[in-house]
Structure formats: C-alpha cells, structure tokens
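Enquirer: Quick one: this structure, given as structure tokens, is what I'll be asking you about.
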Amino acid sequence: MIDRTRLQEIVREAGRIAHSRWPGDGHALSTWEKTPGDPVSEADLEVDAFLKRELGALLPSAGWLSEETADDPGRLDNDLIWLVDPIDGTRDFIRGRPGWAVSVALISAGRPLIGMLAAPSRGEEWIAEAGKGATLNDQAITASRRTEFSGARIPIDQLPGPDSDLVIVEKPNSIALRIAMVAADMADLVATLRWGYEWDVGAATLIAREAGAQVSDAFGVPLGYNKRDPRAFGVLVSSPEIHGAAVERIAERARDLAK
C-alpha cells in the first residue's frame with residue numbers, strides 16, 4: 001500500500017531539518033508562544049510544511065492532522081490520514097536539550113498502521129507497523145514485562161506522595177519518547193493526567209503496542225484516532241501485567257482532573 005522505505009527517508013529528512021535548527025548544536029532559533037505556555041519555533045513550522053508536502057505526495061488520498069496546521073474537518077471523510085507532530089517536545093528542543101522527536105503516524109479507520117519517531121539528537125529512530133513488531137535503530141524491541149507495580153520505573157521529574165513506591169528514570173520532554181521508553185524496556189510505566197492530542201501519541205502508542213506494551217487513556221479505555229475532537233484524557237502505557245494496577249492507582253485523580 002505504501003513505500004515504507006520512502007516513508008522512512010521522509011521522516012529521517014524531517015529529523016535532519018529539525019536538527020539543523022536545534023540550539024543544542026549552537027544554532028540560532030526564532031521562538032514564540034501560540035498561547036501562554038505553549039511554545040513553538042520556526043523549526044516546527046518548517047518541518048510541518050516539509051512533511052505535509054512530502055507525505056501528501058507519497059499518499060495523495062490521505063487526510064492530514066498536525067499540531068501546526070489548522071484542522072480541516074474534511075479529514076473525517078478520509079479512511080486514511082497522516083497524524084503528525086513535527087517536533088514533539090518543543091520545550092526541550094528550544095532549550096537545546098535532546099528530549100524531542102519528529103512523530104509521524106498513518107491512521108486507517110481510527111487505528112495506527114505505521115508509526116515512526118526520528119530523534120536525531122539522541123541518535124534514535126523508532127518504527128512500528130501494525131502486526132509486524134517494532135524496532136529501535138533497526139533492532140527489534142520488546143516492551144517491559146514487569147509484573148509488580150511497586151518499584152516500576154517511570155520517566156517523571158518528581159513523584160507525587162501517593163506514588164513514592166515508584167522509581168524515577170530519565171524524562172524527555174517528548175511524551176512520544178517517554179512512551180517509546182516503555183516499548184524498549186527503558187521504563188515500565190508512562191501515565192499522564194491531562195487532555196492531550198492524538199498527534200502527541202499516535203506513532204508512539206503503535207510502537208509500544210507492537211513491542212508488547214498495553215496502551216489506553218487514563219481510564220483504561222482504548223485510544224481512537226481521527227476523531228472529530230482529536231483529544232483524549234491522559235495516556236497510560238505500561239507492562240501488561242501492571243496496567244490494571246496503574247489504572248486503579250490513578251482512577252480517582254483522573255476522575256477529578258477530567259472534570
């Protein structure tokens with residue numbers, strides 16, 4: 001259906017374009033806020049335009065949903081859409097930190113078919129295809145198989161009191177990379193308790209699922225894509241054996257915050 005090699009080339013080039021603007025290598029970068037607390041940079045827009053052009057040429061029949069493009073409701077009439085975050089983890093990107101990635105997924109009938117993350121400042125390239133497993137730098141990966149919730153590794157800055165039995169590991173700003181960490185057994189659990197957008201997690205959740213992790217929203221409900229409202233409350237990705245315990249641990253907080 002699609003030339004996966006060409007797709008990989010496009011996403012890799014998008015990562016190269018972003019990396020050529022990354023302040024971590026000393027490049028000057030223009031940044032501003034779309035809304036208070038929501039930063040964006042010229043690199044976000046450049047990568048978005050490149051991906052829209054190249055992915056559109058690769059699969060002209062597919063719709064488009066991206067963080068940096070005005071939403072076109074016509075996408076709802078498409079079975080296939082490209083789901084894109086040109087730079088996930090913009091805060092790390094503009095601060096010269098490596099915790100960012102280009103995220104691209106192809107969605108069919110509300111489910112991811114292909115997901116790719118390019119994280120050139122970390123030397124990482126993540127790919128998954130539905131039913132065909134997931135890889136990191138062309139090596140097959142297997143998600144965390146942790147069976148005990150207490151002691152689970154979680155990429156977070158600081159643990160709330162009720163979660164002091166968990167273990168902090170490195171936290172990139174990119175939620176996609178944090179999810180991918182579970183896919184590669186670098187973490188056991190990722191959980192967010194806020195409204196988030198499909199483009200943040202579309203590629204990464206397929207990578208995690210194909211590696212063997214369990215994926216849901218904060219309430220344990222499966223995620224859907226290309227919805228009229230492209231949001232979900234939270235994302236929860238973990239070893240399958242601790243997923244139920246994770247849902248139970250955050251249930252009350254999720255209910256309160258979702259209100």
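Chain labels run A, B, ... following the order of the structure tokens; each chain numbers its residues from 1, and ligands are numbered from 1 in the order shown.
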Leaving out region 13-23 of chain A and any residue of its chain fewer than 4 positions from it, which residues lie within 12 Å of it when counting only C-alpha atoms, given as a ChimeraX atom specification?

Expert: /A:6-9,27-31,41-55,84-104,116-126

Enquirer: Just to confirm, what's the straight-line distance from CA of Asp229 (chain A) to CA of Leu193 (chain A) in Å (one decimal)?

Expert: 17.7 Å

Enquirer: Which residue is closest to Thr205 (chain A)? Choose from A:Leu80, A:Ala245, A:Leu65, A:Ala105 and count only C-alpha atoms.

Expert: A:Ala105

Enquirer: What's around Arg253 (chain A) at 10 Å? Count only C-alpha atoms, leave out sequence neighbours fewer than 4 positions away in its own chain, and write the answer as a ChimeraX atom specification.

Expert: /A:193,218,248-249,257-258

Enquirer: When DSSP works through the backbone of this structure, what residues of region 77-255 of chain A end up as helix (DSSP H, G or I), shown as a ChimeraX atom specification?

Expert: /A:77,90-94,120-122,161-163,175-183,198-211,240-255

Enquirer: Using only C-alpha atoms, which of A:Pro162, A:Pro230, A:Gly220, A:Pro172 sits nearest Trp195 (chain A)?

Expert: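 The closest residue to Trp195 (chain A) is A:Pro230.
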
Enquirer: Could you give me, as an NGL selection string, the residues within 10 Å of Glu170 (chain A), counting only C-alpha atoms and dropping anything in the same chain fewer than 3 positions from it?

Expert: :A and (99 or 153-157 or 173 or 178 or 181 or 186-187)

Enquirer: Residues near Gln139 (chain A), anyone? I mean within 12 Å using only C-alpha atoms, not counting same-chain ones fewer than 4 positions away, as a PyMOL selection string.

Expert: chain A and resi 124-128+133-135+184+211

Enquirer: Considering only C-alpha atoms, can you say which of A:Ile2, A:Asp77, A:Glu129, A:Leu113 comes closest to Leu58 (chain A)?

Expert: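 Among the listed residues, A:Ile2 lies closest to Leu58 (chain A).
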
Enquirer: Return the single residue from A:Ala109, A:Ala208, A:Ser216, A:Thr192 that is closest to Ile141 (chain A), with distances computed using only C-alpha atoms.

Expert: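 Result for the nearest residue to Ile141 (chain A): A:Ala208.
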